[in-house]
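Shown here: start-v7.cif, mmCIF, C-alpha atoms.
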```cif
data_work
#
loop_
_atom_site.label_atom_id
_atom_site.label_comp_id
_atom_site.auth_asym_id
_atom_site.auth_seq_id
_atom_site.Cartn_x
_atom_site.Cartn_y
_atom_site.Cartn_z
CA MET A 1 278.83 168.35 99.76
CA PRO A 2 279.06 172.11 100.52
CA VAL A 3 278.31 172.81 96.87
CA ILE A 4 275.22 170.60 97.04
CA HIS A 5 274.10 172.32 100.25
CA GLN A 6 274.52 175.74 98.63
CA LEU A 7 272.52 174.59 95.61
CA LEU A 8 269.75 173.22 97.81
CA ASN A 9 269.68 176.41 99.85
CA SER A 10 269.42 178.47 96.67
CA ILE A 11 266.56 176.32 95.38
CA LEU A 12 264.76 176.60 98.71
CA ALA A 13 265.22 180.38 98.72
CA LEU A 14 263.72 180.62 95.24
CA CYS A 15 260.81 178.42 96.27
CA PHE A 16 260.11 180.58 99.34
CA ALA A 17 260.35 183.76 97.24
CA PHE A 18 257.93 182.35 94.67
CA ALA A 19 255.54 181.26 97.42
CA ALA A 20 255.70 184.74 98.96
CA VAL A 21 254.83 186.38 95.62
CA VAL A 22 251.89 184.02 95.08
CA ALA A 23 250.69 184.66 98.64
CA THR A 24 251.00 188.42 98.16
CA ALA A 25 248.87 188.30 95.01
CA ALA A 26 246.33 185.96 96.62
CA ASP A 27 246.07 187.98 99.86
CA TRP A 28 245.94 191.38 98.16
CA PRO A 29 244.41 193.59 99.38
CA SER A 30 244.50 193.24 103.14
CA ARG A 31 244.78 196.94 103.98
CA PRO A 32 243.90 200.32 102.40
CA ILE A 33 245.31 201.18 98.98
CA ARG A 34 246.74 204.59 98.16
CA PHE A 35 245.78 205.87 94.69
CA VAL A 36 248.24 208.68 94.01
CA THR A 37 247.03 211.27 91.52
CA PRO A 38 249.09 214.20 90.14
CA ALA A 39 246.32 216.77 90.52
CA ALA A 40 244.53 218.88 93.08
CA PRO A 41 240.94 217.99 94.06
CA GLY A 42 238.49 218.88 91.30
CA GLY A 43 238.96 218.61 87.55
CA THR A 44 239.12 215.66 85.16
CA THR A 45 242.18 213.90 86.63
CA ASP A 46 240.89 213.95 90.20
CA GLY A 47 237.39 213.04 89.00
CA LEU A 48 238.64 209.96 87.17
CA ALA A 49 240.71 208.88 90.18
CA ARG A 50 237.65 209.12 92.43
CA ILE A 51 235.48 207.12 90.02
CA PHE A 52 237.90 204.20 90.22
CA ALA A 53 238.73 204.62 93.91
CA ALA A 54 235.06 204.53 94.90
CA ARG A 55 234.23 201.52 92.78
CA LEU A 56 237.38 199.58 93.73
CA THR A 57 236.57 200.19 97.39
CA GLU A 58 233.28 198.38 96.78
CA THR A 59 234.60 195.54 94.62
CA LEU A 60 237.70 194.84 96.71
CA GLY A 61 236.15 195.37 100.12
CA THR A 62 239.13 197.53 101.07
CA GLN A 63 239.29 201.29 101.14
CA VAL A 64 241.04 202.92 98.17
CA ILE A 65 242.12 206.43 99.11
CA VAL A 66 242.83 209.14 96.55
CA ASP A 67 246.09 210.86 97.48
CA ASN A 68 246.20 214.21 95.65
CA ARG A 69 249.81 215.26 95.04
CA ALA A 70 249.53 218.28 92.79
CA SER A 71 252.78 219.84 91.61
CA SER A 72 254.33 221.20 88.46
CA SER A 73 253.54 218.66 85.73
CA GLY A 74 252.88 215.85 88.21
CA VAL A 75 256.54 215.19 89.02
CA LEU A 76 256.01 215.01 92.80
CA ALA A 77 253.39 212.26 92.44
CA ALA A 78 255.69 210.26 90.17
CA GLU A 79 258.58 210.51 92.61
CA ILE A 80 256.38 209.32 95.48
CA VAL A 81 255.21 206.28 93.51
CA LYS A 82 258.69 205.38 92.29
CA ALA A 83 259.96 205.30 95.89
CA ALA A 84 257.06 203.21 97.24
CA ALA A 85 257.13 199.45 97.87
CA PRO A 86 255.91 197.32 94.91
CA ASP A 87 253.34 195.57 97.10
CA GLY A 88 250.13 196.72 95.42
CA TYR A 89 249.25 199.30 98.06
CA THR A 90 250.46 202.31 96.07
CA LEU A 91 249.01 202.86 92.60
CA PHE A 92 249.56 205.82 90.29
CA LEU A 93 246.87 207.40 88.13
CA THR A 94 249.15 208.85 85.47
CA TYR A 95 248.38 210.70 82.26
CA HIS A 96 249.92 212.03 79.06
CA GLN A 97 251.91 214.77 80.78
CA HIS A 98 253.99 212.04 82.41
CA THR A 99 255.63 211.01 79.13
CA VAL A 100 255.76 214.59 77.82
CA ASN A 101 257.74 215.59 80.91
CA ALA A 102 260.61 213.38 79.80
CA ALA A 103 261.13 215.68 76.82
CA LEU A 104 260.63 218.97 78.68
CA ILE A 105 262.13 218.51 82.15
CA LYS A 106 265.25 216.91 83.61
CA LEU A 107 263.73 214.10 85.69
CA SER A 108 265.13 211.99 88.52
CA TYR A 109 263.48 208.91 86.98
CA HIS A 110 262.77 207.25 83.64
CA ALA A 111 259.13 207.99 82.87
CA VAL A 112 258.43 204.42 81.73
CA ASN A 113 261.10 201.97 82.84
CA ASP A 114 261.14 203.15 86.47
CA PHE A 115 257.48 202.19 86.90
CA THR A 116 255.41 199.06 86.51
CA SER A 117 252.90 199.45 83.68
CA ILE A 118 249.45 198.04 84.46
CA THR A 119 246.86 199.40 82.01
CA GLN A 120 245.79 202.34 79.89
CA LEU A 121 242.33 203.25 81.14
CA THR A 122 241.17 205.89 78.67
CA GLU A 123 242.07 208.02 75.72
CA ALA A 124 240.72 211.38 74.63
CA GLY A 125 241.44 213.57 71.68
CA LEU A 126 241.59 217.33 71.38
CA VAL A 127 239.48 219.51 69.16
CA LEU A 128 240.82 222.27 66.93
CA ILE A 129 238.76 225.38 67.55
CA ILE A 130 238.77 228.94 66.21
CA ASN A 131 236.82 232.11 66.83
CA PRO A 132 233.50 231.90 64.91
CA SER A 133 234.26 235.21 63.17
CA SER A 134 237.33 233.66 61.49
CA PRO A 135 236.92 232.70 57.78
CA PRO A 136 237.61 228.91 57.80
CA LYS A 137 234.56 226.65 57.86
CA ASN A 138 236.49 223.35 57.61
CA PHE A 139 240.00 221.98 58.02
CA LYS A 140 241.01 222.38 54.38
CA GLU A 141 240.16 226.06 54.56
CA PHE A 142 241.90 226.32 57.94
CA LEU A 143 245.06 224.78 56.50
CA GLU A 144 245.16 227.29 53.64
CA TRP A 145 244.26 230.16 55.96
CA THR A 146 247.10 229.47 58.38
CA ARG A 147 249.62 228.82 55.59
CA ASN A 148 248.81 232.15 53.95
CA TYR A 149 247.96 234.20 57.05
CA LYS A 150 248.79 237.88 56.77
CA GLY A 151 250.21 239.23 59.99
CA ALA A 152 251.08 237.55 63.30
CA LEU A 153 249.52 234.08 63.57
CA ASN A 154 249.15 232.88 67.16
CA PHE A 155 247.78 229.81 68.87
CA GLY A 156 246.85 229.50 72.53
CA SER A 157 246.92 226.72 75.09
CA ALA A 158 246.44 226.01 78.78
CA GLY A 159 250.19 226.48 79.32
CA HIS A 160 253.71 225.53 78.27
CA GLY A 161 254.05 221.79 77.78
CA SER A 162 250.29 221.16 77.80
CA GLY A 163 248.63 218.83 75.31
CA GLY A 164 247.29 221.81 73.39
CA HIS A 165 250.72 223.39 73.22
CA LEU A 166 252.38 220.30 71.78
CA ALA A 167 249.48 219.64 69.41
CA GLY A 168 249.97 223.15 68.07
CA GLU A 169 253.69 222.57 67.63
CA LEU A 170 253.00 219.29 65.81
CA TYR A 171 250.53 221.08 63.53
CA LYS A 172 253.14 223.73 62.70
CA LEU A 173 255.71 221.05 61.81
CA GLN A 174 253.37 218.97 59.64
CA ALA A 175 251.51 221.85 57.99
CA GLY A 176 254.58 224.01 57.37
CA VAL A 177 253.03 226.88 59.30
CA LYS A 178 254.72 229.59 61.33
CA ALA A 179 252.79 230.53 64.46
CA GLN A 180 253.62 231.85 67.91
CA HIS A 181 252.47 229.98 71.01
CA ILE A 182 250.64 232.00 73.69
CA PRO A 183 250.42 230.13 77.02
CA TYR A 184 247.58 230.87 79.44
CA LYS A 185 247.16 229.84 83.05
CA GLY A 186 244.66 227.09 82.46
CA THR A 187 242.04 226.00 79.95
CA GLY A 188 239.39 228.49 81.05
CA PRO A 189 241.45 231.64 80.46
CA ALA A 190 242.70 230.27 77.13
CA LEU A 191 239.15 229.64 75.86
CA ILE A 192 237.94 233.05 77.03
CA ALA A 193 240.85 234.68 75.19
CA LEU A 194 240.01 232.80 71.98
CA MET A 195 236.38 233.91 72.18
CA GLY A 196 237.68 237.45 72.66
CA GLY A 197 239.80 237.23 69.50
CA GLU A 198 243.18 237.45 71.25
CA TYR A 199 244.69 234.71 69.05
CA GLN A 200 243.69 232.53 66.08
CA PHE A 201 243.40 228.86 67.09
CA ASN A 202 243.55 226.35 69.92
CA PHE A 203 243.77 222.56 70.26
CA ALA A 204 241.55 222.22 73.32
CA GLY A 205 240.14 219.46 75.47
CA LEU A 206 236.75 218.13 74.36
CA LEU A 207 235.10 218.60 77.73
CA GLY A 208 235.67 222.35 77.82
CA ALA A 209 235.53 223.17 74.11
CA LEU A 210 232.62 221.21 72.65
CA PRO A 211 229.86 222.84 74.72
CA LEU A 212 231.18 226.20 73.50
CA ALA A 213 231.17 224.91 69.93
CA ARG A 214 227.59 223.64 70.25
CA SER A 215 226.50 227.06 71.51
CA GLY A 216 228.30 228.88 68.68
CA LYS A 217 230.87 230.63 70.87
CA VAL A 218 233.74 228.88 69.07
CA ARG A 219 233.90 226.90 65.82
CA ALA A 220 235.03 223.27 65.96
CA ILE A 221 237.15 222.44 62.91
CA ALA A 222 238.50 218.93 63.50
CA VAL A 223 239.39 216.41 66.21
CA THR A 224 242.88 215.00 66.72
CA THR A 225 241.99 211.32 67.17
CA ALA A 226 242.61 208.68 64.48
CA LYS A 227 238.86 208.15 64.04
CA ARG A 228 235.82 210.35 64.55
CA ILE A 229 234.55 210.49 68.11
CA PRO A 230 231.25 208.71 68.87
CA GLY A 231 228.59 211.28 69.63
CA TYR A 232 230.48 213.95 67.67
CA ASP A 233 230.55 212.23 64.29
CA ASP A 234 229.87 215.50 62.48
CA ILE A 235 233.36 216.75 63.37
CA PRO A 236 236.00 215.22 61.03
CA THR A 237 239.52 214.28 62.06
CA VAL A 238 242.65 216.21 61.13
CA LYS A 239 244.01 212.91 59.76
CA GLU A 240 241.19 212.50 57.23
CA SER A 241 241.05 216.19 56.37
CA GLY A 242 244.52 216.94 55.07
CA LEU A 243 247.31 215.82 57.45
CA PRO A 244 247.30 211.99 57.32
CA ASP A 245 250.09 211.62 59.90
CA PHE A 246 248.56 213.93 62.49
CA GLU A 247 247.24 212.31 65.65
CA VAL A 248 247.22 213.61 69.21
CA VAL A 249 245.58 211.54 71.92
CA GLY A 250 245.59 212.30 75.60
CA TRP A 251 245.45 209.29 77.89
CA TYR A 252 245.04 208.13 81.47
CA GLY A 253 246.46 204.93 82.85
CA VAL A 254 247.59 203.15 86.00
CA THR A 255 251.18 202.35 86.83
CA ALA A 256 252.85 201.26 90.06
CA PRO A 257 256.26 201.26 91.75
CA PRO A 258 259.04 199.45 89.87
CA ASN A 259 259.65 195.70 90.09
CA MET A 260 256.14 194.69 91.08
CA PRO A 261 255.71 190.88 90.93
CA LYS A 262 253.96 189.71 87.77
CA ALA A 263 251.28 187.78 89.69
CA LEU A 264 250.32 190.94 91.55
CA VAL A 265 250.29 192.99 88.33
CA THR A 266 247.94 190.42 86.80
CA ARG A 267 245.61 190.60 89.82
CA ILE A 268 245.48 194.41 89.90
CA HIS A 269 245.01 194.60 86.13
CA ALA A 270 242.03 192.26 86.33
CA GLU A 271 240.36 194.35 89.03
CA LEU A 272 240.86 197.59 87.10
CA ILE A 273 239.49 196.10 83.87
CA LYS A 274 236.46 194.76 85.73
CA VAL A 275 235.59 198.29 86.88
CA LEU A 276 236.49 199.84 83.52
CA ASN A 277 234.07 197.55 81.68
CA GLU A 278 231.08 198.37 83.86
CA PRO A 279 228.45 200.40 81.94
CA VAL A 280 228.24 203.03 84.67
CA THR A 281 232.01 203.60 84.59
CA ASN A 282 231.98 203.72 80.81
CA LYS A 283 229.29 206.40 80.79
CA ARG A 284 231.10 208.52 83.35
CA ILE A 285 234.29 208.35 81.29
CA VAL A 286 232.39 209.44 78.17
CA ASP A 287 230.91 212.30 80.20
CA LEU A 288 234.47 213.38 81.00
CA GLY A 289 235.28 213.46 77.27
CA GLY A 290 237.09 210.12 76.98
CA THR A 291 236.70 206.58 75.70
CA THR A 292 237.78 203.38 77.45
CA VAL A 293 240.86 201.37 76.42
CA GLY A 294 241.85 198.68 78.94
CA SER A 295 245.15 197.48 77.47
CA ASP A 296 247.25 194.68 78.94
CA PRO A 297 250.47 195.62 80.84
CA GLU A 298 252.87 194.80 77.99
CA THR A 299 250.84 196.75 75.42
CA PHE A 300 250.60 199.72 77.77
CA HIS A 301 254.37 199.64 78.39
CA LYS A 302 255.07 199.73 74.64
CA PHE A 303 252.51 202.52 74.20
CA LEU A 304 254.23 204.61 76.88
CA LEU A 305 257.66 204.20 75.28
CA ALA A 306 256.28 205.17 71.86
CA ASP A 307 254.44 208.18 73.29
CA MET A 308 257.58 209.37 75.06
CA ALA A 309 259.64 209.04 71.87
CA LYS A 310 256.99 210.86 69.80
CA TRP A 311 256.90 213.92 72.02
CA ALA A 312 260.66 213.97 72.48
CA ASP A 313 260.93 214.33 68.70
CA VAL A 314 258.28 217.07 68.55
CA VAL A 315 259.92 219.02 71.38
CA LYS A 316 263.38 218.71 69.81
CA ARG A 317 262.20 219.81 66.37
CA SER A 318 259.96 222.61 67.57
CA GLY A 319 262.09 223.95 70.41
CA ALA A 320 259.10 223.84 72.78
CA LYS A 321 259.92 224.71 76.39
CA ALA A 322 258.31 224.02 79.79
CA ASP A 323 257.33 226.80 82.19
#
```
Let's see the structure in the file written out as structure tokens.
Amino acid sequence: MPVIHQLLNSILALCFAFAAVVATAADWPSRPIRFVTPAAPGGTTDGLARIFAARLTETLGTQVIVDNRASSSGVLAAEIVKAAAPDGYTLFLTYHQHTVNAALIKLSYHAVNDFTSITQLTEAGLVLIINPSSPPKNFKEFLEWTRNYKGALNFGSAGHGSGGHLAGELYKLQAGVKAQHIPYKGTGPALIALMGGEYQFNFAGLLGALPLARSGKVRAIAVTTAKRIPGYDDIPTVKESGLPDFEVVGWYGVTAPPNMPKALVTRIHAELIKVLNEPVTNKRIVDLGGTTVGSDPETFHKFLLADMAKWADVVKRSGAKAD
């Protein structure tokens, strides 16, 4: 009889636990939600967080508060989210630096498995730019120019470990080019230095670089996405122009604390996709230089693992270092 009682108690416990999970998903949200973002107020990351926070506040009828936790490479924000309860009241707007960190920094967490993947919101490529006084007019010419460059060939970026830095390292590996990385303290200083002729090329964010290209202050050679970018169809991809395996895509997504119940993940995913698919949200994302994705949790989890492995390989082969 004791064995039967223990079995019944175990079954009852499982039933109560299941009922609690279903209730949590059904009742969510019943209080304000904290949307942790690894950036200071202002800029693309904070701007994207506020787009979703404002709209979710309206659609959910509960305040969604952007919690800016800026630190070196966003590690502080990740640590806060990892330690939070998996109850749906702490969400993490994460981005490509999160998986790159795993290759550059000794972390107190696994960048993918210690979080609950919910969805990839957006993706955005980089654009290869040069000073307009430089000889290359297209990527084929750029490839030959960098391979046969006489003197010290340098490329700039917004800093060690940035997307532009790693894109440059990947280009060196695939093109068989020797070039020295010059880190700057942010995108603005790096672009100003390129216009001033301080170095030869830069893989820069679309939002900052394309207006300069349209005005003739830099020359856009190619984009790093797999396909040409809508609205900028005149700029070819690196992949189609000579390096078929080259692709660099920045991304933003939403994760949560580890071990979040599946029913709650499903509910939060649905709410995020609803906002993502709204025409107004779509336009604002395009204005920030991105395109919408909206993957399911499992697909996003696999994407994160693949992205982490890709950059770990690039960092190992190139010897790239963080600040």
Exercise for review: Excluding Phe300 (chain A) and any residue of its chain fewer than 5 positions from it, enumerate the residues within 8 Å of it, using all atoms listed in the file, and give them as a VMD selection string.
Suggested key: chain A and resid 117 to 120 295
Since we have the selection now, will you write its residues out, keeping C-alpha atoms, as an mmCIF file, in the frame of the given file?
```cif
data_model
loop_
_atom_site.group_PDB
_atom_site.id
_atom_site.type_symbol
_atom_site.label_atom_id
_atom_site.label_comp_id
_atom_site.auth_asym_id
_atom_site.auth_seq_id
_atom_site.Cartn_x
_atom_site.Cartn_y
_atom_site.Cartn_z
ATOM 1 C CA SER A 117 252.900 199.450 83.680
ATOM 2 C CA ILE A 118 249.450 198.040 84.460
ATOM 3 C CA THR A 119 246.860 199.400 82.010
ATOM 4 C CA GLN A 120 245.790 202.340 79.890
ATOM 5 C CA SER A 295 245.150 197.480 77.470
#
```
Check your understanding: So which residues get picked by the PyMOL selection byres ((chain A and resi 127) around 6) here, written as a PyMOL selection string?
Key -> chain A and resi 126+128+203-204+222-223
Review point. Between CA of Thr122 (chain A) and CA of Gly253 (chain A), what is the spacing in Å?
Key: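 The value is 6.8 Å.
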Practice item. Evaluate the PyMOL selection byres ((chain A and resi 116) around 6) on the structure here and hand back the selected residues as a VMD selection string. Key: chain A and resid 115 117 255 to 258
**Study point:** Two-atom distance - CA of Pro136 (chain A), CA of Gly176 (chain A) (Å)
**Key:**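 A separation of 17.7 Å between them.
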Review point. CA of Ser71 (chain A) to CA of Ser108 (chain A): how many Å, to one decimal?
Key: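 Between CA of Ser71 (chain A) and CA of Ser108 (chain A) the gap works out to 15.0 Å.
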Practice item. Find the spatial neighbours of Thr146 (chain A), counting only C-alpha atoms, within a cut-off of 10 Å - ignore same-chain residues fewer than 2 positions away - and output them as number ranges by chain. Key: A: 136, 141-144, 148-150, 153-154, 172, 175-179, 200-201
**Study point:** Which of A:Ser133, A:Gln97, A:Ser73, A:Thr44 sits closest to Trp311 (chain A) [using all atoms listed in the file]
**Key:** A:Gln97
Carefully work through the PyMOL selection byres ((chain A and resi 49-54) around 10) for this structure and note down the residues it includes, as a compact mmCIF listing (two decimals) with C-alpha atoms, in the frame of the given file.
```txt
# COMPACT_ATOMS: atom_id res chain seq x y z
CA ILE A 33 245.31 201.18 98.98
CA ARG A 34 246.74 204.59 98.16
CA PHE A 35 245.78 205.87 94.69
CA VAL A 36 248.24 208.68 94.01
CA THR A 37 247.03 211.27 91.52
CA PRO A 38 249.09 214.20 90.14
CA ALA A 39 246.32 216.77 90.52
CA PRO A 41 240.94 217.99 94.06
CA GLY A 42 238.49 218.88 91.30
CA THR A 44 239.12 215.66 85.16
CA THR A 45 242.18 213.90 86.63
CA ASP A 46 240.89 213.95 90.20
CA GLY A 47 237.39 213.04 89.00
CA LEU A 48 238.64 209.96 87.17
CA ARG A 55 234.23 201.52 92.78
CA LEU A 56 237.38 199.58 93.73
CA THR A 57 236.57 200.19 97.39
CA GLU A 58 233.28 198.38 96.78
CA THR A 59 234.60 195.54 94.62
CA GLN A 63 239.29 201.29 101.14
CA VAL A 64 241.04 202.92 98.17
CA ILE A 65 242.12 206.43 99.11
CA VAL A 66 242.83 209.14 96.55
CA ASP A 67 246.09 210.86 97.48
CA ASN A 68 246.20 214.21 95.65
CA PHE A 92 249.56 205.82 90.29
CA LEU A 93 246.87 207.40 88.13
CA THR A 94 249.15 208.85 85.47
CA TYR A 252 245.04 208.13 81.47
CA VAL A 254 247.59 203.15 86.00
CA LEU A 272 240.86 197.59 87.10
CA VAL A 275 235.59 198.29 86.88
CA LEU A 276 236.49 199.84 83.52
CA VAL A 280 228.24 203.03 84.67
CA THR A 281 232.01 203.60 84.59
CA ARG A 284 231.10 208.52 83.35
CA ILE A 285 234.29 208.35 81.29
```
Practice item. Go through A:Gly156, A:Gly88, A:Gly125, A:Gly186 and flag the residue nearest Gly43 (chain A), using all atoms listed in the file for the distances. Key: A:Gly186
I'd like the neighbourhood of Ala220 (chain A) as a CSV table (one decimal) with C-alpha atoms, in the frame of the given file, where a residue qualifies if any of its atoms comes within 9 Å (using only C-alpha atoms), though same-chain residues fewer than 2 positions away should be ignored.
```
chain,number,residue,atom,x,y,z
A,127,VAL,CA,239.5,219.5,69.2
A,128,LEU,CA,240.8,222.3,66.9
A,129,ILE,CA,238.8,225.4,67.6
A,130,ILE,CA,238.8,228.9,66.2
A,132,PRO,CA,233.5,231.9,64.9
A,137,LYS,CA,234.6,226.6,57.9
A,138,ASN,CA,236.5,223.4,57.6
A,209,ALA,CA,235.5,223.2,74.1
A,210,LEU,CA,232.6,221.2,72.6
A,212,LEU,CA,231.2,226.2,73.5
A,213,ALA,CA,231.2,224.9,69.9
A,214,ARG,CA,227.6,223.6,70.2
A,218,VAL,CA,233.7,228.9,69.1
A,222,ALA,CA,238.5,218.9,63.5
A,223,VAL,CA,239.4,216.4,66.2
A,235,ILE,CA,233.4,216.8,63.4
```
Point to revise | Residues near Leu304 (chain A), cut-off 9 Å, only C-alpha atoms, skip fewer than 5 positions along chain, as a list in words | key: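 The residues that qualify are His96, Thr99, Ala111, Val112, Ser117, Thr299 and Ala309 of chain A.
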